[in-house]
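Heads up: the structure comes next, in structure tokens.
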Amino acid sequence: MAEVLVHVDHLDGAVRKPTLELLTLARRLGDPVAVFLGAGADAAAGVLAEHGAVRILTADAPEFADYAIVPKVDALQAAHDAVRPAAVLLPSSAEGKEIAARLAVRLDSGIITDAVDLSTDDQGPVATQSVFAAAYTTTSRVTQGTPIITVKPNSATPEAAPAAGTAEPLTVTFGDAATGTKVTSRTARESTGRPELTEAAIVVSGGRGVGGAENFAVIEALADSLGAAVGASRAAVDAGWYPHSHQVGQTGKSVSPQLYVAAGISGAIQHRAGMQTSKTIVAVNKDAEAPIFELVDYGVVGDLFEVLPKLTEEIKARKG
Amino acid sequence: MSLRIVVCVKYVPDATGDRHFAEDWTLDRDDVDGLLSELDEYAVEQALQIAESAREAGEEAEITVLTVGPEDAADALRKALSMGADKAVHVEDDDLHGTDALGTSLVLAKAIEHIGYDLVVCGMASTDGAMGVLPAMLAERLSVPQATLLSELTVAGGTVTGRRDGDAATERLSAQLPAVVSVTDQSGEARYPSFKGIMAAKKKPVEALDLEDLDLDAERVGLAGSRTEVISATERPARTAGEIVTDEGEGAGQLAGFLAGQKFI
């Protein structure tokens, strides 16, 4: 069976959930071969094997942490040349997409980004995408070279499928470009204890209707009762009520959770572009005419300051 | 010393209009108005600020704004010129219709080399395709460093430094020129063109280039050269109208019932 390379996104060996989703999708295309770069491979090997990696190619070098993007491209190219895979899959993170981009140029291969599903037919991998603010669903394929595909978080549910997961060292020769962009400092984002926005299964977002920074406590309380991430519309971010790293929309982050709760968000097209692929959409808004109600599976026309605290209590009570 | 800056911009369909596919699965451009991609306005703004700093330091600086696109894409160039860019280059060729990201990066790289550059500035992504891969592809093709997704940046002494806010960490990056950078919408509000700027833009030079000028084979671009193909495109059925209730004290309970029914609680 053909092998499929999966680029592992991890933090010091802690494998992030989108990678487990990738391994699950990769099994539809062939045998997943995980590529683990940087420190912590021993810690990661178990979970990668548990999710279907038949082999784990590992490389560690200071270049991966000290310089941006290109060292990882060099490593993936080495893995590609060694394995000759049927496809290369990466998470649709900013870094994942940039690694994919440079690899595509080097291999003169087609690239598809932000896939929301993968399948295969007699001509190889087929990627499903959601385009034009989710107004269309397309399927595409790569026609030349090795298909390089990045996949959005929450596109699959990670499934266990224990495989050999044999670790093998990958030999990487860094090119001249590898040390072109130095990372002079790195400050880890302070953890809020909540899930990461783009990966979260549930997102609760607040908009203009929240009315102020301190009022976001109402949004956060509901998010915590659901184990959700907190998002914000551009209006709320531009007003300084919530950090930009939480902005959902065309100029912010694109999210695709199982459940999206929009509170006090009117639903401008720019916001919709960033959340319309959410599986279930719920809105609470005072304005019955708000365009967000065109999208919802369930909507409550009402004051979010009345509805959200009661809902939070109800959820806590039901979760007991 | 002179600092040559090239800003790559894209003319995109207005996202507030309804966008449709043409029969060849490319965007039906007759159907929708276009404009300079909002995220590219931030790139033009940063280029203007970098040029201003260079001039204050006694250096010469020149900003060329570059686009690949149909005739109407000149509107995007005109907007950037009215903001303050010095000149424009428009790559237009019938054979470019349907070019994918890989092909577009090839055309842009050739055009950037034709213009001559020390720094290439891009927006973080287009507001239509939104792939966000072009800056990295350009850096690869031009064999220069990339410093991308910067929310603030400084160019001085032949080095670009900047801040990149990632999901897990904030990084500070440093690269020698020539380099490709991309900037986010957090890099600073883009200026509005002044009346004087709009009038001045009418007199600024716009160079037209086609594939032959760039010594590019038509088979490497357009639908013919695309390394990806769309197999199908289906308009998503309008969401079946969800249930909407008006809160008269019971809204929270009703919503909790819905969420429980969907197994979210």
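Chain identifiers are assigned as A, B, and so on, following the order in which chains appear in the structure tokens; residues are numbered from 1 within each chain, and ligands are numbered from 1 in order of appearance.
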
**Request:** Specify as JSON, numbers by chain all residues of chain A found within 6 Å of chain B, counting only C-alpha atoms.
**Result:** {"A": [98, 101, 102, 110, 135, 136, 137, 138, 139, 140, 141, 142, 143, 144, 180, 181, 182, 183, 184, 185, 186, 187, 188, 189, 296, 297, 298, 299, 300, 301, 302, 307, 310, 311]}

Those residues you just picked out, can you put them in a file as a compact mmCIF listing (two decimals), in the first residue's frame with C-alpha atoms?
# COMPACT_ATOMS: atom_id res chain seq x y z
CA GLU A 98 3.91 27.92 4.55
CA ALA A 101 3.84 26.22 -0.06
CA ARG A 102 7.62 25.99 -0.28
CA GLY A 110 0.05 21.00 -6.88
CA ALA A 135 -21.46 29.19 -0.33
CA TYR A 136 -19.90 26.38 -2.38
CA THR A 137 -18.43 22.99 -1.63
CA THR A 138 -15.79 21.91 -4.14
CA THR A 139 -13.78 18.79 -4.70
CA SER A 140 -10.33 19.08 -6.25
CA ARG A 141 -7.32 16.99 -7.01
CA VAL A 142 -3.66 17.58 -7.68
CA THR A 143 -2.87 16.78 -11.30
CA GLN A 144 0.92 17.02 -11.26
CA GLY A 180 17.88 32.75 6.35
CA THR A 181 15.28 33.76 8.91
CA LYS A 182 16.45 33.75 12.50
CA VAL A 183 14.00 33.39 15.38
CA THR A 184 15.58 35.81 17.85
CA SER A 185 13.04 35.21 20.62
CA ARG A 186 9.99 33.13 21.32
CA THR A 187 7.43 33.85 24.01
CA ALA A 188 4.85 31.17 24.63
CA ARG A 189 1.31 32.49 24.70
CA VAL A 296 -28.51 29.30 12.48
CA ASP A 297 -29.72 25.89 13.44
CA TYR A 298 -31.18 27.47 16.53
CA GLY A 299 -31.62 31.14 17.31
CA VAL A 300 -32.83 33.09 20.29
CA VAL A 301 -34.06 36.62 19.74
CA GLY A 302 -33.27 38.14 23.09
CA VAL A 307 -30.07 34.51 28.09
CA LYS A 310 -29.28 31.50 32.60
CA LEU A 311 -27.99 29.16 29.90

**Request:** Could you give me, as a ChimeraX atom specification, the residues within 10 Å of Thr113 in chain A, counting only C-alpha atoms and dropping anything in the same chain fewer than 5 positions from it?
**Result:** /A:89-93,96-97,100-101,127-129,148-152 /B:129-133

Give me a file of those residues, with all heavy atoms, as a CSV table (one decimal), in the first residue's frame.
chain,number,residue,atom,x,y,z
A,89,LEU,N,0.5,15.4,3.8
A,89,LEU,CA,-0.6,16.1,4.5
A,89,LEU,C,0.0,16.9,5.6
A,89,LEU,O,0.9,16.5,6.4
A,89,LEU,CB,-1.6,15.1,5.1
A,89,LEU,CG,-2.2,14.0,4.2
A,89,LEU,CD1,-3.2,13.2,5.0
A,89,LEU,CD2,-2.9,14.7,3.0
A,90,LEU,N,-0.5,18.1,5.8
A,90,LEU,CA,0.0,19.0,6.9
A,90,LEU,C,-1.3,19.7,7.5
A,90,LEU,O,-2.3,19.9,6.8
A,90,LEU,CB,0.9,20.1,6.3
A,90,LEU,CG,2.1,19.7,5.6
A,90,LEU,CD1,1.9,19.7,4.1
A,90,LEU,CD2,3.3,20.6,5.9
A,91,PRO,N,-1.2,20.1,8.7
A,91,PRO,CA,-2.3,20.8,9.3
A,91,PRO,C,-2.4,22.2,8.7
A,91,PRO,O,-1.4,22.8,8.3
A,91,PRO,CB,-1.9,21.0,10.8
A,91,PRO,CG,-0.6,20.3,11.0
A,91,PRO,CD,-0.1,19.9,9.7
A,92,SER,N,-3.6,22.8,8.5
A,92,SER,CA,-3.8,24.1,8.0
A,92,SER,C,-3.5,25.2,9.0
A,92,SER,O,-4.3,26.1,9.1
A,92,SER,CB,-5.2,24.3,7.5
A,92,SER,OG,-5.3,24.0,6.1
A,93,SER,N,-2.4,25.1,9.7
A,93,SER,CA,-1.9,26.2,10.5
A,93,SER,C,-1.1,27.2,9.6
A,93,SER,O,-0.8,26.8,8.5
A,93,SER,CB,-1.0,25.7,11.6
A,93,SER,OG,0.1,25.0,11.1
A,96,GLY,N,2.0,25.4,8.9
A,96,GLY,CA,1.8,24.2,8.0
A,96,GLY,C,1.6,24.6,6.6
A,96,GLY,O,2.1,24.0,5.6
A,97,LYS,N,0.8,25.7,6.4
A,97,LYS,CA,0.6,26.2,5.0
A,97,LYS,C,1.8,26.7,4.3
A,97,LYS,O,2.0,26.5,3.1
A,97,LYS,CB,-0.5,27.2,5.0
A,97,LYS,CG,-1.9,26.6,5.3
A,97,LYS,CD,-3.0,27.4,4.7
A,97,LYS,CE,-3.5,28.5,5.6
A,97,LYS,NZ,-4.8,29.1,5.1
A,100,ALA,N,4.1,23.8,3.4
A,100,ALA,CA,3.4,23.2,2.2
A,100,ALA,C,3.7,24.0,1.0
A,100,ALA,O,4.0,23.5,-0.1
A,100,ALA,CB,1.9,23.1,2.4
A,101,ALA,N,3.6,25.3,1.1
A,101,ALA,CA,3.8,26.2,-0.1
A,101,ALA,C,5.2,26.1,-0.6
A,101,ALA,O,5.4,25.9,-1.9
A,101,ALA,CB,3.6,27.7,0.4
A,127,ALA,N,-9.7,16.2,-2.5
A,127,ALA,CA,-9.9,17.0,-1.3
A,127,ALA,C,-11.2,17.8,-1.4
A,127,ALA,O,-11.5,18.4,-2.5
A,127,ALA,CB,-8.7,18.0,-1.2
A,128,THR,N,-11.9,17.9,-0.4
A,128,THR,CA,-13.2,18.7,-0.3
A,128,THR,C,-12.8,20.0,0.3
A,128,THR,O,-12.1,20.1,1.3
A,128,THR,CB,-14.2,18.0,0.5
A,128,THR,OG1,-14.5,16.7,-0.1
A,128,THR,CG2,-15.5,18.8,0.5
A,129,GLN,N,-13.2,21.1,-0.3
A,129,GLN,CA,-13.0,22.5,0.3
A,129,GLN,C,-14.4,23.2,0.4
A,129,GLN,O,-15.3,22.9,-0.4
A,129,GLN,CB,-12.1,23.3,-0.5
A,129,GLN,CG,-10.6,22.8,-0.5
A,129,GLN,CD,-9.8,23.4,-1.7
A,129,GLN,OE1,-10.0,23.1,-2.8
A,129,GLN,NE2,-9.0,24.4,-1.3
A,148,ILE,N,0.1,17.8,-2.3
A,148,ILE,CA,0.4,18.4,-1.0
A,148,ILE,C,-0.9,19.1,-0.5
A,148,ILE,O,-1.4,20.0,-1.2
A,148,ILE,CB,1.6,19.4,-1.2
A,148,ILE,CG1,2.8,18.7,-1.7
A,148,ILE,CG2,1.8,20.1,0.2
A,148,ILE,CD1,3.9,19.6,-2.1
A,149,ILE,N,-1.4,18.6,0.6
A,149,ILE,CA,-2.7,19.0,1.0
A,149,ILE,C,-2.6,19.4,2.5
A,149,ILE,O,-2.1,18.7,3.3
A,149,ILE,CB,-3.7,17.9,0.9
A,149,ILE,CG1,-3.7,17.4,-0.6
A,149,ILE,CG2,-5.1,18.3,1.3
A,149,ILE,CD1,-4.6,16.2,-0.9
A,150,THR,N,-3.2,20.6,2.8
A,150,THR,CA,-3.3,21.0,4.2
A,150,THR,C,-4.8,20.9,4.6
A,150,THR,O,-5.7,21.2,3.8
A,150,THR,CB,-2.8,22.5,4.5
A,150,THR,OG1,-3.8,23.4,4.0
A,150,THR,CG2,-1.5,22.7,3.8
A,151,VAL,N,-5.0,20.5,5.8
A,151,VAL,CA,-6.4,20.1,6.3
A,151,VAL,C,-6.7,21.0,7.5
A,151,VAL,O,-5.9,21.1,8.4
A,151,VAL,CB,-6.5,18.6,6.6
A,151,VAL,CG1,-7.9,18.3,7.1
A,151,VAL,CG2,-6.1,17.8,5.4
A,152,LYS,N,-7.9,21.5,7.4
A,152,LYS,CA,-8.4,22.4,8.6
A,152,LYS,C,-8.6,21.5,9.8
A,152,LYS,O,-9.1,20.3,9.7
A,152,LYS,CB,-9.7,23.1,8.2
A,152,LYS,CG,-9.5,24.2,7.3
A,152,LYS,CD,-10.8,24.9,6.9
A,152,LYS,CE,-11.2,25.9,7.9
A,152,LYS,NZ,-12.3,26.8,7.4
B,129,GLY,N,-9.2,33.9,-2.3
B,129,GLY,CA,-8.7,32.5,-2.2
B,129,GLY,C,-8.3,32.2,-0.8
B,129,GLY,O,-8.5,31.1,-0.2
B,130,ALA,N,-7.7,33.2,-0.1
B,130,ALA,CA,-7.3,33.1,1.3
B,130,ALA,C,-6.4,31.9,1.6
B,130,ALA,O,-6.4,31.4,2.7
B,130,ALA,CB,-8.6,33.0,2.2
B,131,MET,N,-5.6,31.5,0.7
B,131,MET,CA,-4.7,30.4,0.9
B,131,MET,C,-3.5,30.8,1.8
B,131,MET,O,-3.1,30.1,2.7
B,131,MET,CB,-4.1,29.8,-0.4
B,131,MET,CG,-5.2,29.1,-1.3
B,131,MET,SD,-4.5,28.6,-2.9
B,131,MET,CE,-3.5,27.2,-2.4
B,132,GLY,N,-3.0,32.0,1.6
B,132,GLY,CA,-1.9,32.5,2.5
B,132,GLY,C,-0.6,31.8,2.2
B,132,GLY,O,0.3,31.8,3.0
B,133,VAL,N,-0.5,31.3,1.0
B,133,VAL,CA,0.8,30.6,0.6
B,133,VAL,C,1.7,31.4,-0.3
B,133,VAL,O,2.9,31.0,-0.4
B,133,VAL,CB,0.4,29.2,-0.1
B,133,VAL,CG1,-0.3,28.3,0.9
B,133,VAL,CG2,-0.4,29.4,-1.3

**Message:** So that I can check the surroundings of range 21-29 of chain A, please list as an NGL selection string every protein, DNA and RNA residue that reaches within 9 Å of it, counting only C-alpha atoms and ignoring chain neighbours fewer than 4 positions away.
**Reply:** :A and (2-8 or 17 or 33-34 or 48 or 51-53 or 86-87 or 89-91 or 117-120 or 124-125 or 151 or 153-161)

**Prompt:** Please, what distance in Å, to one decimal, runs between CA of Val121 in chain B and CA of Leu142 in chain B?
**Reply:** 13.3 Å

**Message:** For Ala218 in chain B, find every residue with an atom within 10 Å (counting only C-alpha atoms), except residues of its own chain fewer than 3 positions away, and show them as an NGL selection string.
**Reply:** :B and (93-96 or 211-212 or 215 or 221-225)

Atoms to include: all heavy atoms. Write the selected residues as an mmCIF file, in the first residue's frame.
data_model
loop_
_atom_site.group_PDB
_atom_site.id
_atom_site.type_symbol
_atom_site.label_atom_id
_atom_site.label_comp_id
_atom_site.auth_asym_id
_atom_site.auth_seq_id
_atom_site.Cartn_x
_atom_site.Cartn_y
_atom_site.Cartn_z
ATOM 1 N N ASP B 93 -2.407 38.960 -19.288
ATOM 2 C CA ASP B 93 -2.265 38.123 -20.475
ATOM 3 C C ASP B 93 -3.455 37.164 -20.504
ATOM 4 O O ASP B 93 -3.800 36.572 -19.472
ATOM 5 C CB ASP B 93 -0.944 37.341 -20.404
ATOM 6 C CG ASP B 93 -0.516 36.783 -21.751
ATOM 7 O OD1 ASP B 93 -1.316 36.033 -22.362
ATOM 8 O OD2 ASP B 93 0.602 37.099 -22.189
ATOM 9 N N ASP B 94 -4.069 36.998 -21.660
ATOM 10 C CA ASP B 94 -5.234 36.116 -21.752
ATOM 11 C C ASP B 94 -4.896 34.697 -21.294
ATOM 12 O O ASP B 94 -5.747 33.994 -20.749
ATOM 13 C CB ASP B 94 -5.766 36.063 -23.194
ATOM 14 C CG ASP B 94 -6.437 37.375 -23.585
ATOM 15 O OD1 ASP B 94 -6.746 38.171 -22.662
ATOM 16 O OD2 ASP B 94 -6.629 37.605 -24.788
ATOM 17 N N ASP B 95 -3.654 34.302 -21.490
ATOM 18 C CA ASP B 95 -3.259 32.940 -21.118
ATOM 19 C C ASP B 95 -3.180 32.746 -19.604
ATOM 20 O O ASP B 95 -2.978 31.628 -19.133
ATOM 21 C CB ASP B 95 -1.909 32.584 -21.746
ATOM 22 C CG ASP B 95 -2.032 32.336 -23.242
ATOM 23 O OD1 ASP B 95 -3.096 31.843 -23.670
ATOM 24 O OD2 ASP B 95 -1.085 32.651 -23.980
ATOM 25 N N LEU B 96 -3.292 33.823 -18.846
ATOM 26 C CA LEU B 96 -3.204 33.701 -17.380
ATOM 27 C C LEU B 96 -4.512 33.244 -16.750
ATOM 28 O O LEU B 96 -4.546 32.886 -15.564
ATOM 29 C CB LEU B 96 -2.791 35.038 -16.757
ATOM 30 C CG LEU B 96 -1.321 35.406 -16.940
ATOM 31 C CD1 LEU B 96 -1.089 36.866 -16.579
ATOM 32 C CD2 LEU B 96 -0.438 34.507 -16.089
ATOM 33 N N LEU B 211 3.197 37.709 -20.851
ATOM 34 C CA LEU B 211 4.029 36.529 -20.593
ATOM 35 C C LEU B 211 5.318 36.565 -21.411
ATOM 36 O O LEU B 211 6.382 36.156 -20.945
ATOM 37 C CB LEU B 211 3.241 35.252 -20.895
ATOM 38 C CG LEU B 211 2.106 34.957 -19.917
ATOM 39 C CD1 LEU B 211 1.296 33.753 -20.377
ATOM 40 C CD2 LEU B 211 2.662 34.713 -18.515
ATOM 41 N N GLU B 212 5.215 37.073 -22.640
ATOM 42 C CA GLU B 212 6.399 37.130 -23.501
ATOM 43 C C GLU B 212 7.450 38.061 -22.890
ATOM 44 O O GLU B 212 8.650 37.735 -22.888
ATOM 45 C CB GLU B 212 5.975 37.610 -24.891
ATOM 46 C CG GLU B 212 6.934 37.186 -25.981
ATOM 47 C CD GLU B 212 6.499 37.696 -27.348
ATOM 48 O OE1 GLU B 212 5.276 37.791 -27.588
ATOM 49 O OE2 GLU B 212 7.392 38.010 -28.141
ATOM 50 N N ASP B 215 9.303 36.294 -20.457
ATOM 51 C CA ASP B 215 9.948 35.082 -20.955
ATOM 52 C C ASP B 215 9.338 33.829 -20.316
ATOM 53 O O ASP B 215 10.034 32.896 -19.938
ATOM 54 C CB ASP B 215 11.462 35.159 -20.660
ATOM 55 C CG ASP B 215 12.250 34.198 -21.543
ATOM 56 O OD1 ASP B 215 11.683 33.770 -22.578
ATOM 57 O OD2 ASP B 215 13.395 33.865 -21.189
ATOM 58 N N VAL B 221 1.328 28.359 -17.125
ATOM 59 C CA VAL B 221 0.354 29.132 -16.355
ATOM 60 C C VAL B 221 -1.060 28.827 -16.863
ATOM 61 O O VAL B 221 -1.248 27.974 -17.727
ATOM 62 C CB VAL B 221 0.647 30.648 -16.448
ATOM 63 C CG1 VAL B 221 2.007 30.959 -15.866
ATOM 64 C CG2 VAL B 221 0.545 31.132 -17.884
ATOM 65 N N GLY B 222 -2.028 29.566 -16.336
ATOM 66 C CA GLY B 222 -3.403 29.394 -16.786
ATOM 67 C C GLY B 222 -3.948 28.032 -16.399
ATOM 68 O O GLY B 222 -3.331 27.279 -15.640
ATOM 69 N N LEU B 223 -5.104 27.715 -16.930
ATOM 70 C CA LEU B 223 -5.702 26.413 -16.618
ATOM 71 C C LEU B 223 -4.809 25.285 -17.126
ATOM 72 O O LEU B 223 -4.710 24.229 -16.508
ATOM 73 C CB LEU B 223 -7.091 26.308 -17.254
ATOM 74 C CG LEU B 223 -8.203 27.087 -16.533
ATOM 75 C CD1 LEU B 223 -9.483 27.069 -17.357
ATOM 76 C CD2 LEU B 223 -8.468 26.502 -15.149
ATOM 77 N N ALA B 224 -4.117 25.530 -18.266
ATOM 78 C CA ALA B 224 -3.262 24.495 -18.854
ATOM 79 C C ALA B 224 -2.130 24.117 -17.908
ATOM 80 O O ALA B 224 -1.771 22.946 -17.775
ATOM 81 C CB ALA B 224 -2.696 24.987 -20.183
ATOM 82 N N GLY B 225 -1.548 25.112 -17.235
ATOM 83 C CA GLY B 225 -0.398 24.850 -16.379
ATOM 84 C C GLY B 225 -0.755 24.573 -14.937
ATOM 85 O O GLY B 225 0.118 24.290 -14.116
#

**Asked** Looking only at the backbone, which of the residues in range 107-250 of chain A does DSSP tag as helix (DSSP H, G or I), as a PyMOL selection string?
**Response** chain A and resi 107+176-179+208-210+216-226+234-238+244-246

Running DSSP on the backbone, which parts of range 200-300 of chain A land in strand (DSSP E or B), as an mmCIF file with N, CA, C and O atoms, in the first residue's frame?
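Ended up saving to states.cif:
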data_model
loop_
_atom_site.group_PDB
_atom_site.id
_atom_site.type_symbol
_atom_site.label_atom_id
_atom_site.label_comp_id
_atom_site.auth_asym_id
_atom_site.auth_seq_id
_atom_site.Cartn_x
_atom_site.Cartn_y
_atom_site.Cartn_z
ATOM 1 N N ILE A 202 -15.969 23.360 20.373
ATOM 2 C CA ILE A 202 -17.042 24.338 20.586
ATOM 3 C C ILE A 202 -16.409 25.719 20.727
ATOM 4 O O ILE A 202 -15.386 25.881 21.392
ATOM 5 N N VAL A 203 -17.010 26.710 20.073
ATOM 6 C CA VAL A 203 -16.537 28.092 20.174
ATOM 7 C C VAL A 203 -17.727 28.968 20.562
ATOM 8 O O VAL A 203 -18.803 28.861 19.969
ATOM 9 N N VAL A 204 -17.517 29.809 21.558
ATOM 10 C CA VAL A 204 -18.518 30.803 21.929
ATOM 11 C C VAL A 204 -17.922 32.177 21.627
ATOM 12 O O VAL A 204 -16.864 32.525 22.156
ATOM 13 N N SER A 205 -18.580 32.943 20.749
ATOM 14 C CA SER A 205 -18.039 34.239 20.339
ATOM 15 C C SER A 205 -18.958 35.377 20.726
ATOM 16 O O SER A 205 -20.182 35.234 20.706
ATOM 17 N N GLY A 206 -18.331 36.506 21.040
ATOM 18 C CA GLY A 206 -19.082 37.713 21.356
ATOM 19 C C GLY A 206 -18.794 38.805 20.348
ATOM 20 O O GLY A 206 -17.707 38.873 19.786
ATOM 21 N N ALA A 229 -13.758 27.264 23.435
ATOM 22 C CA ALA A 229 -12.858 28.395 23.222
ATOM 23 C C ALA A 229 -13.693 29.661 23.090
ATOM 24 O O ALA A 229 -14.883 29.593 22.775
ATOM 25 N N VAL A 230 -13.052 30.809 23.331
ATOM 26 C CA VAL A 230 -13.744 32.091 23.199
ATOM 27 C C VAL A 230 -13.292 32.784 21.923
ATOM 28 O O VAL A 230 -12.098 32.872 21.630
ATOM 29 N N GLY A 231 -14.261 33.243 21.140
ATOM 30 C CA GLY A 231 -13.975 34.018 19.937
ATOM 31 C C GLY A 231 -14.571 35.403 20.059
ATOM 32 O O GLY A 231 -15.307 35.700 21.012
ATOM 33 N N ALA A 232 -14.220 36.262 19.098
ATOM 34 C CA ALA A 232 -14.751 37.618 19.096
ATOM 35 C C ALA A 232 -14.893 38.089 17.656
ATOM 36 O O ALA A 232 -14.139 37.661 16.784
ATOM 37 N N GLN A 247 -9.886 36.797 17.201
ATOM 38 C CA GLN A 247 -10.824 37.289 16.189
ATOM 39 C C GLN A 247 -11.189 36.203 15.180
ATOM 40 O O GLN A 247 -10.328 35.580 14.574
ATOM 41 N N VAL A 248 -12.490 36.020 15.009
ATOM 42 C CA VAL A 248 -12.995 35.061 14.023
ATOM 43 C C VAL A 248 -13.498 35.848 12.819
ATOM 44 O O VAL A 248 -14.257 36.795 12.974
ATOM 45 N N LYS A 253 -9.270 34.585 12.406
ATOM 46 C CA LYS A 253 -9.101 33.142 12.270
ATOM 47 C C LYS A 253 -10.339 32.507 11.684
ATOM 48 O O LYS A 253 -11.449 32.964 11.890
ATOM 49 N N LEU A 259 -19.762 23.041 17.244
ATOM 50 C CA LEU A 259 -20.810 23.987 17.665
ATOM 51 C C LEU A 259 -20.224 25.398 17.729
ATOM 52 O O LEU A 259 -19.173 25.607 18.330
ATOM 53 N N TYR A 260 -20.913 26.351 17.104
ATOM 54 C CA TYR A 260 -20.502 27.745 17.169
ATOM 55 C C TYR A 260 -21.655 28.552 17.763
ATOM 56 O O TYR A 260 -22.782 28.490 17.265
ATOM 57 N N VAL A 261 -21.365 29.250 18.843
ATOM 58 C CA VAL A 261 -22.378 30.084 19.482
ATOM 59 C C VAL A 261 -22.004 31.544 19.257
ATOM 60 O O VAL A 261 -20.935 31.983 19.681
ATOM 61 N N ALA A 262 -22.854 32.285 18.551
ATOM 62 C CA ALA A 262 -22.604 33.699 18.265
ATOM 63 C C ALA A 262 -23.513 34.535 19.149
ATOM 64 O O ALA A 262 -24.732 34.452 19.036
ATOM 65 N N ALA A 263 -22.930 35.319 20.030
ATOM 66 C CA ALA A 263 -23.727 36.131 20.946
ATOM 67 C C ALA A 263 -23.477 37.612 20.661
ATOM 68 O O ALA A 263 -22.340 38.064 20.684
ATOM 69 N N THR A 280 -22.772 23.052 13.650
ATOM 70 C CA THR A 280 -24.033 23.543 14.211
ATOM 71 C C THR A 280 -23.823 25.000 14.645
ATOM 72 O O THR A 280 -22.806 25.313 15.261
ATOM 73 N N ILE A 281 -24.760 25.861 14.251
ATOM 74 C CA ILE A 281 -24.612 27.285 14.575
ATOM 75 C C ILE A 281 -25.818 27.747 15.403
ATOM 76 O O ILE A 281 -26.974 27.461 15.065
ATOM 77 N N VAL A 282 -25.489 28.442 16.484
ATOM 78 C CA VAL A 282 -26.508 28.961 17.391
ATOM 79 C C VAL A 282 -26.243 30.449 17.580
ATOM 80 O O VAL A 282 -25.085 30.863 17.650
ATOM 81 N N ALA A 283 -27.293 31.253 17.609
ATOM 82 C CA ALA A 283 -27.097 32.691 17.820
ATOM 83 C C ALA A 283 -28.068 33.229 18.856
ATOM 84 O O ALA A 283 -29.206 32.759 18.964
ATOM 85 N N VAL A 284 -27.562 34.193 19.600
ATOM 86 C CA VAL A 284 -28.409 34.948 20.519
ATOM 87 C C VAL A 284 -28.207 36.419 20.169
ATOM 88 O O VAL A 284 -27.071 36.915 20.176
ATOM 89 N N ASN A 285 -29.287 37.096 19.796
ATOM 90 C CA ASN A 285 -29.166 38.499 19.388
ATOM 91 C C ASN A 285 -30.501 39.200 19.615
ATOM 92 O O ASN A 285 -31.556 38.618 19.384
ATOM 93 N N TYR A 298 -30.280 27.062 15.466
ATOM 94 C CA TYR A 298 -31.177 27.474 16.531
ATOM 95 C C TYR A 298 -30.844 28.910 16.904
ATOM 96 O O TYR A 298 -29.672 29.250 17.095
ATOM 97 N N GLY A 299 -31.867 29.740 16.980
ATOM 98 C CA GLY A 299 -31.624 31.144 17.313
ATOM 99 C C GLY A 299 -32.545 31.609 18.416
ATOM 100 O O GLY A 299 -33.683 31.159 18.511
ATOM 101 N N VAL A 300 -31.999 32.485 19.249
ATOM 102 C CA VAL A 300 -32.834 33.091 20.286
ATOM 103 C C VAL A 300 -32.794 34.598 20.081
ATOM 104 O O VAL A 300 -31.720 35.212 20.111
#

**Message:** I'd like the contact shell of Val172 in chain A - 7 Å cut-off, only C-alpha atoms, skipping same-chain residues fewer than 3 positions apart - returned as a list of chain:residue names.
**Reply:** A:Asp74, A:Ala75, A:Ala78

Output the selection as a CSV table (one decimal), in the first residue's frame - all heavy atoms for each residue.
chain,number,residue,atom,x,y,z
A,74,ASP,N,13.2,21.6,4.3
A,74,ASP,CA,14.3,20.7,4.0
A,74,ASP,C,14.1,19.3,4.5
A,74,ASP,O,14.3,18.3,3.8
A,74,ASP,CB,15.6,21.2,4.6
A,74,ASP,CG,16.1,22.5,3.9
A,74,ASP,OD1,15.6,22.8,2.8
A,74,ASP,OD2,17.0,23.2,4.5
A,75,ALA,N,13.5,19.2,5.7
A,75,ALA,CA,13.3,17.9,6.3
A,75,ALA,C,12.2,17.1,5.6
A,75,ALA,O,12.3,16.0,5.3
A,75,ALA,CB,13.0,18.0,7.8
A,78,ALA,N,13.4,15.9,2.4
A,78,ALA,CA,14.2,14.7,2.6
A,78,ALA,C,13.3,13.4,2.8
A,78,ALA,O,13.5,12.4,2.2
A,78,ALA,CB,15.1,14.8,3.7

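Going from CA of Ala111 in chain B to CA of Gly175 in chain A covers 25.3 Å.
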